[in-house]
Each structure stands twice: as C-alpha cells, then as structure tokens.
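Contents: one structure, followed by commentary.
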Amino acid sequence: MRKNKYMRHRAGIRKCLAVGLTAAMCMAMLAGCSTGQSTGSTSDTELASEVSTATDADTDAADAQNTSTKTEMTVEEMQAAIDEAMSNAAIDITDMFTKRDLAGTYDESEAVKITLSGKTATCDSSNVHIEDGVVTIKAAGVYVLSGTLTDGTVVVDAGDDDKVQLVFDGVSITAADYAAIYAKNADKVFVTLTEGTENTLTVSGDYVQTDDNNVDAVIFAKCDLTLGGSGSLTVKDTTGHGIVSKDDLVVTGGTYTIDSQDHCLNGKDSVRIADGTFTLTCDEDGIHAGNDDQQDSYIYIEGGDIDISVGDDAMHAEGLLIITGGDIDISKSYEGIEGYKILVTGGDIDVVANDDGFNAARPDSNGQSDGTQSTEDDQRQTDSFQRRTNDTETNRPELPEKGDRPGDSDTPGGSGMGAGMDTDYDAYILITGGIININADGDGIDSNGYLGIAGGSVYVLGPSNNGNGALDYGIYATITGGEMVAVGGSGMEQGFGDESTQCSALVNFDEWIDVGETITLTDSNGNKLLTYKADKRFDSVLISTSDMKQGETYTLTAGDQTSTFAMEDVTYSEGPSSMQGPGGDPDNGGMQRPDSTGNGGMQRPDSTGNGGMQRPDSTGDGSDAGNSQNSDKRQNGGQDNSTQSTETLKNTESISI
C-alpha cells in the first residue's frame with residue numbers, strides 16, 4: 001500500500017514539475033511588455049520561440065555586465081538557462097529513477113547467499129572469492145549478505161556492464177582502514193535493505209590505499225550506486241565520507257543514520273533522492289554533488305524526511321539544486337542550501353544557518369572532483385566569513401550611504417545592488433512552491449544573480465545586525481505569487497523590484513523590535529491579512545501576500561511600533577531608518593556574531609518561542625505561531641504541498657527576475 005501511494009505521489013510531482021518547467025514559467029511574460037499571454041492560448045510554437053530568445057538575453061546580460069548596470073532576467077530566459085543546464089548535465093526530470101531503483105526488492109530464487117562470520121565469510125558460489133577478510137564479488141547477480149564481519153570488507157569487482165545487487169539482511173561490517181563496501185568495478189551497484197532489518201557499516205581508523213583509487217568512504221563506488229529497500233542502515237566514519245559514488249548516487253527508500261567526518265552523501269555527478277528517512281551528521285556537507293565540470297553536477301530531491309546537522313553546507317551542488325518535495329529539517333549548517341542555480345517547486349524546508357540560508361553562487365574554478373574540500377574552498381569560506389561578519393577592525397569596510405552603493409536605484413523596492421564584486425549573471429534562485437522557513441546569521445536568501453518568487457510560502461529570520469540582510473541579490477528580484485515575510489536589520493535591506501506583479505512592502509522601524517514580537521498586517525478596514533511571530537530582534541520587515549492590492553492602504557504593526565503606508569505602486573519601500581557605520585553594537589550598525597541570549601541568536605526551532613523558527617498562524621492573533629513542530633504545516637497561507645505546483649501553474653502573470 002505504501003509503495004502504491006508513493007508511486008501515485010511521485011507521478012503527481014513529476015507531472016506538475018514537468019508541466020511547470022516546460023509551460024507555466026515559459027508562458028510568463030516580461031512585465032512591461034505591451035501584451036500578455038494566457039496558459040490556454042500559448043502554443044508549443046510560441047513557447048519554443050520564447051525560449052529561443054535566451055541567446056539575445058545572454059548578449060544583453062554580457063553587455064550589462066560590461067557596463068555594470070542593472071539587468072533583468074525574464075522567466076523565459078531563466079527557463080532557457082534551466083533547460084540548458086539540465087541538458088548539459090543530462091537531466092531528465094521525468095526520468096530521475098529507474099523501475100529497479102524504485103522497486104527495493106529482489107528475486108530470492110536467484111540470490112546467492114553470503115554469510116559473514118567474524119574475520120571471514122562463507123559462500124558456495126564460484127563468483128565470490130573470500131580471502132583474509134576480503135569478500136570479492138566478481139560477476140553480475142543478486143547477493144544476500146547476513147551476519148557480522150569484524151575486520152574486513154566487501155569488494156565488487158565485476159564486469160563493466162554488470163549490475164550487482166547487494167541485499168543487506170542483518171549485516172554488521174567493521175573495517176579498520178578501508179571501505180566496508182567498495183564497488184571497484186561494475187556498471188551499477190544496488191544496496192537493498194531488507195524490511196525490518198538493522199544494518200551497520202563502520203570504518204574505525206585512517207584509510208590505507210591499496211590501488212589507484214582514493215577510497216575514502218564507508219561505502220565507496222566507482223560506478224552508479226542506488227540505495228533502497230525498507231530496512232535501516234547506520235554508517236559511521238571518523239576520518240572520511242559516509243557514502244560516495246563517483247557517478248550517480250540515488251536513494252529511493254530506507255532509513256539512514258550517517259555520522260562521518262567528511263560529506264555524508266556525495267555523488268560526483270549527482271545525488272538524487274526519491275524517498276527515505278535520513279539523519280545526517282558530519283563536519284562538512286550533508287549532501288554534496290561535485291564534478292570536474294562543476295556546472296554539470298546536481299542535487300535532485302523529490303521526497304523523504306531529511307534531518308541535517310553539519311559543520312559546512314547542509315546541501316551543496318556545484319550546478320543545479322532542485323527540490324520538488326520532501327520534509328527537510330536543517331538544524332545546523334554553515335550555509336543551508338547552496339547551488340549555482342536553485343529551483344524549489346515544493347517541499348517543507350526548515351533551515352538554520354551560521355551564514356546564508358539559501359545561496360546561489362558560482363562554484364570554485366578548481367573543482368572538487370574527489371569529493372573533498374579543497375584548500376581553495378577553505379579559503380573561499382574564510383573570505384566569505386570575513387566579508388560577511390567583518391569581525392576584525394582590519395576587515396571592516398565603511399558602509400556607503402544609501403544610494404552610493406553599486407547599483408543602488410531610486411526605484412521604490414530597492415530593486416538591486418547592481419553589479420557588485422560577487423555578481424553573476426548565470427546564478428539564480430527561483431521558488432514556485434513549498435513552505436520554507438529560514439533562520440540565518442548571514443543573508444537569509446542570497447543570490448549573486450537573480451531571485452524570483454512565483455509561489456509558495458517563504459519566511460525568513462535574517463540577521464539581527466546591519467551587516468547582512470534578510471534578502472541579498474546581485475542583480476534583480478521580483479515576486480509574482482506566494483507569500484513572504486522576511487525580517488532583519490535595516491542596514492543592508494533589499495526589497496523586490498518594481499516589475500513584480502504582486503504587491504510587497506519594505507518597512508523600517510525607528511527602533512529595534514524585541515525577540516518574540518508578532519508582526520501583523522491589516523488593511524484599511526482593520527482586517528488581518530497576515531501575522532508572523534519573529535523570534536529574532538529586527539527593525540526591518542519585507543512582506544508580501546496576494547491579499548495586498550495596489551491603491552490600498554495598509555498598517556504594519558510590530559510590537560508597539562506601527563507603520564501605515566499606501567500601496568501607490570506594486571512596491572512600497574522606506575529608506576533605512578538609520579545608516580550607521582560598522583561597529584560592535586547592533587544598535588549602531590555593528591556586525592556581531594549571534595548568540596544564544598535571544599538577541600539575534602540562531603537556535604534550533606522549538607515550541608517555546610525562545611529561539612524557535614515558527615510559521616505565522618491562521619488565526620490572526622498569533623496563538624499557534626509558536627509551534628513550529630505542529631503536524632499541520634500548511635497553515636498561515638502555506639499551500640498544501642500536494643497542490644502547490646498545480647496552483648503555481650495557474651499564475652500566468654508576468655514576472656521579471
């Protein structure tokens with residue numbers, strides 16, 4: 001029953017995503033064009049014509065980069081960029097997983113049984129060689145492993161076209177200095193967890209290399225690797241990675257607890273997750289996709305329950321990072337979700353980050369083909385940390401006054417910082433669905449290029465200082481649908497551009513507002529349109545909801561402070577209440593690292609209201625805003641994930657990002 005339900009869910013996700021990527025976003029027209037097109041009237045020929053204009057956009061972007069002026073990317077151009085990136089990475093979003101990937105079963109009548117026992121094993125197949133604690137599988141087939149191997153490893157060394165399935169039926173393997181499972185040669189290896197079984201793989205010491213491959217993970221595959229089934233697997237490693245594939249790493253089911261030094265899940269070409277339950281803990285990235293050609297490696301997440309607590313990025317893709325579903329809880333990270341191009345169409349995502357919550361940035365030119373963090377990458381993070389926190393006097397640049405910063409515009413809405421030193425005309429974040437909560441010490445959402453929100457519910461607790469912003473983008477940002485509340489310091493605030501089609505307001509207050517105060521947006525008749533409990537100190541609010549209409553007057557209340565404004569245009573924006581220079585006190589524009597006192601602290605969400613990351617409530621009085629763990633995660637304007645993408649497709653208004 002569960003598998004049938006999942007297959008229907010998966011088919012629905014793919015249908016919505018495929019339609020959304022190839023139709024809805026392509027049909028959205030650049031705001032300001034003389035005419036618009038509806039979904040029903042746009043032909044395939046017209047769509048193809050729209051997408052073909054991307055080359056002109058590339059030329060325009062290059063010209064804009066040379067002149068350091070603001071450039072707009074339309075949804076058509078972004079879609080063309082997505083399509084090109086997918087094509088380069090051989091990504092077909094309707095065919096991420098094979099039938100065998102998803103099956104998670106095996107034919108027991110054809111299985112070869114391998115019994116592990118102490119420092120050796122037994123098997124009656126000529127395709128299995130056992131010597132000195134090393135079990136070597138030399139041919140295609142299904143192999144069922146059970147028992148305990150106290151000091152040894154299982155090696156797959158089959159033919160180039162062979163598919164090998166390893167079925168774990170109550171397995172415990174400890175390797176002293178080598179991978180517990182090493183897929184040295186095969187076309188593809190499947191690891192299937194038998195229902196109801198508990199399996200454990202451990203590497204207890206430093207890795208010793210025995211061939212030309214840099215084997216540095218508990219499960220290390222030189223080929224495609226698929227993990228599935230309905231049992232559980234615990235992976236432990238104090239010196240290397242958890243699970244690595246040098247090609248595609250696919251997970252379609254099972255329960256995984258991975259505790260490693262380096263990346264937990266690492267696919268050189270891609271990491272794809274259809275389903276499963278994950279608890280990922282490590283000092284580096286929780287999920288990492290890295291390749292020599294960085295823009296071709298990607299992460300694709302369609303479902304699953306994923307808990308991540310790591311020292312570096314929770315998810316890091318050198319190319320595309322696509323999330324269409326799943327329940328993702330990032331309780332600790334340096335940066336939460338980082339990719340070159342980020343697309344979110346669904347899912348329930350909570351992010352806690354020491355630096356940026358979402359970050360779209362070009363990968364390092366040196367690459368990370370071996371799945372390890374390079375010296376250059378270490379320096380990148382160090383430079384980024386120093387640039388953003390500026391916690392030494394020598395690294396504290398004076399903040400220019402409003403209007404003097406590169407690319408500052410007089411247009412209401414703070415329509416971009418222009419071409420700064422990090423500006424990248426190929427980077428973007430596009431959100432069309434999902435429920436997203438971000439609690440970041442750096443920028444809440446940071447795109448070195450474009451930012452677009454066309455649906456979903458996005459709530460951002462940005463930094464409680466003036467050194468970063470709840471939103472940060474290098475070129476342009478727009479909103480055409482969904483709901484957003486973003487709070488933080490006013491010193492580096494940015495709002496949406498005036499070519500958005502949904503109204504938004506950027507409001508700054510005269511004084512800092514204490515932790516735990518509720519933000520309420522009401523219309524001129526006193527109707528409450530949106531409430532949000534902000535468990536961080538702030539003096540700036542960016543708010544947008546489909547209930548806001550141009551020509552109407554609204555009141556935003558935060559604590560005991562109130563701002564009443566008229567939506568004369570699609571965006572309303574106030575200048576900073578004060579633009580102080582850097583210093584040690586947040587009240588004076590200082591850039592401090594957050595702490596756990598409640599004054600900008602970044603804490604794991606809870607139900608106490610002290611440091612929790614909570615969604616706005618639907619009652620208008622804040623009564624249920626404090627429960628971030630409420631089983632009903634689709635209140636307060638958040639759309640049901642099962643219908644989110646479909647609803648997004650109905651939005652045919654123009655969008656420019």
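Please note that chains go A, B, ... in the order of the structure tokens, that every chain numbers its residues from 1, and that ligands are numbered from 1 in the order shown.
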Hey, could you make a per-residue contact list for region 130-222 of chain A against region 262-283 of chain A with 10 Å as the cut-off, showing the nearest pair of atoms and its distance in Å to one decimal, counting only C-alpha atoms, sorted by chain and number, as JSON lines?
{"residue": "A:Asp216", "atom": "CA", "partner": "A:Asp262", "partner_atom": "CA", "distance": 9.2}
{"residue": "A:Ala217", "atom": "CA", "partner": "A:Asp262", "partner_atom": "CA", "distance": 8.7}
{"residue": "A:Val218", "atom": "CA", "partner": "A:Cys264", "partner_atom": "CA", "distance": 9.8}
{"residue": "A:Ile219", "atom": "CA", "partner": "A:Leu265", "partner_atom": "CA", "distance": 9.9}
{"residue": "A:Phe220", "atom": "CA", "partner": "A:Asn266", "partner_atom": "CA", "distance": 9.7}
{"residue": "A:Ala221", "atom": "CA", "partner": "A:Gly267", "partner_atom": "CA", "distance": 9.5}
{"residue": "A:Lys222", "atom": "CA", "partner": "A:Lys268", "partner_atom": "CA", "distance": 9.8}
Item to check | Non-local contacts of Ser457 (chain A) (6 Å; only C-alpha atoms; under 6 positions in same chain excluded) as number ranges by chain | outcome: A: 435, 482-484, 638
Item to check | Nearest-residue call for Leu320 (chain A), choices A:Lys246, A:Lys99, A:Lys533, A:His288, using only C-alpha atoms | outcome: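 Result for the nearest residue to Leu320 (chain A): A:His288.
Residue nearest Asp547 (chain A) within the list A:Thr192, A:Thr522, A:Ser245, A:Ser563: A:Thr522 [criterion: smallest interatomic distance, only C-alpha atoms].
Minimum distance to Asp248 (chain A) across A:Ala90, A:Ala566, A:Ala176, A:Leu193 (counting only C-alpha atoms) occurs at A:Ala90.
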Checklist entry - So which bits of region 93-269 of chain A end up strand (DSSP E) when you DSSP the backbone, as an MDAnalysis selection string? => result chainID A and resid 111:118 120:122 128:131 134:137 141:149 153:157 163:175 181:185 188:193 198:203 217:221 224:229 232:237 241:245 248:251 255:260 265:267
Next on the checklist: What does the structure give for the distance between CA of Gly346 (chain A) and CA of Ile438 (chain A), in Å to one decimal?
Outcome noted: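 Rounded to one decimal, the two atoms are 15.2 Å apart.
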Checklist entry - Hey, what's within 8 Å of Asp177 (chain A) if we count only C-alpha atoms and toss same-chain stuff fewer than 5 positions away? As an NGL selection string, please? => result :A and (203-208)
Same residues, C-alpha atoms, output as an mmCIF file, in the first residue's frame:
data_model
loop_
_atom_site.group_PDB
_atom_site.id
_atom_site.type_symbol
_atom_site.label_atom_id
_atom_site.label_comp_id
_atom_site.auth_asym_id
_atom_site.auth_seq_id
_atom_site.Cartn_x
_atom_site.Cartn_y
_atom_site.Cartn_z
ATOM 1 C CA VAL A 203 35.329 2.342 9.377
ATOM 2 C CA SER A 204 37.291 2.591 12.606
ATOM 3 C CA GLY A 205 40.633 4.089 11.516
ATOM 4 C CA ASP A 206 42.519 6.029 8.857
ATOM 5 C CA TYR A 207 42.218 4.855 5.255
ATOM 6 C CA VAL A 208 45.106 2.930 3.697
#
Checklist entry - Between CA of Gly141 (chain A) and CA of Glu110 (chain A), what is the spacing in Å? => result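 CA of Gly141 (chain A) lies 7.8 Å from CA of Glu110 (chain A).
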Checklist entry - Neighbours of Val507 (chain A) within 6 Å (only C-alpha atoms; same-chain residues fewer than 3 positions away dropped), as a list in words? => result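 Neighbouring residues, sequence-local ones excluded: Ser540, Val541 and Glu574 of chain A.
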Would you mind exporting C-alpha atoms of the selected residues as a JSON list (two decimals), in the first residue's frame?
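Saved file out.json follows:
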[["chain", "number", "residue", "atom", "x", "y", "z"],
["A", 540, "SER", "CA", 13.09, 45.88, 9.07],
["A", 541, "VAL", "CA", 10.24, 43.86, 7.55],
["A", 574, "GLU", "CA", 11.18, 53.04, 3.07]]
Item to check | Residue with smallest distance to Cys503 (chain A) - pool A:Ser546, A:Thr423, A:Thr531, A:Ser524, counting only C-alpha atoms | outcome: A:Ser546
Item to check | Separation of CA of Ala179 (chain A) from CA of Gln209 (chain A) in Å | outcome: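 Computing the Euclidean distance for CA of Gln209 (chain A) and CA of Ala179 (chain A) yields 10.0 Å.
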Checklist entry - Can you list, as a ChimeraX atom specification, every protein, DNA or RNA residue that comes within 9 Å of Thr115 (chain A) when you count only C-alpha atoms, leaving out same-chain residues fewer than 5 positions away? => result /A:120-123,144-148
Item to check | From A:Ser297, A:Ser230, A:Thr202, A:Gln261, residue lying nearest Thr105 (chain A) [only C-alpha atoms] | outcome: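 When distances to Thr105 (chain A) are compared using only C-alpha atoms, the smallest one comes from A:Ser230.
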Checklist entry - Which residue, A:Ile287, A:Val251, A:Ile258, A:Leu233, has the smallest gap to Glu318 (chain A) when you use only C-alpha atoms? => result A:Ile287
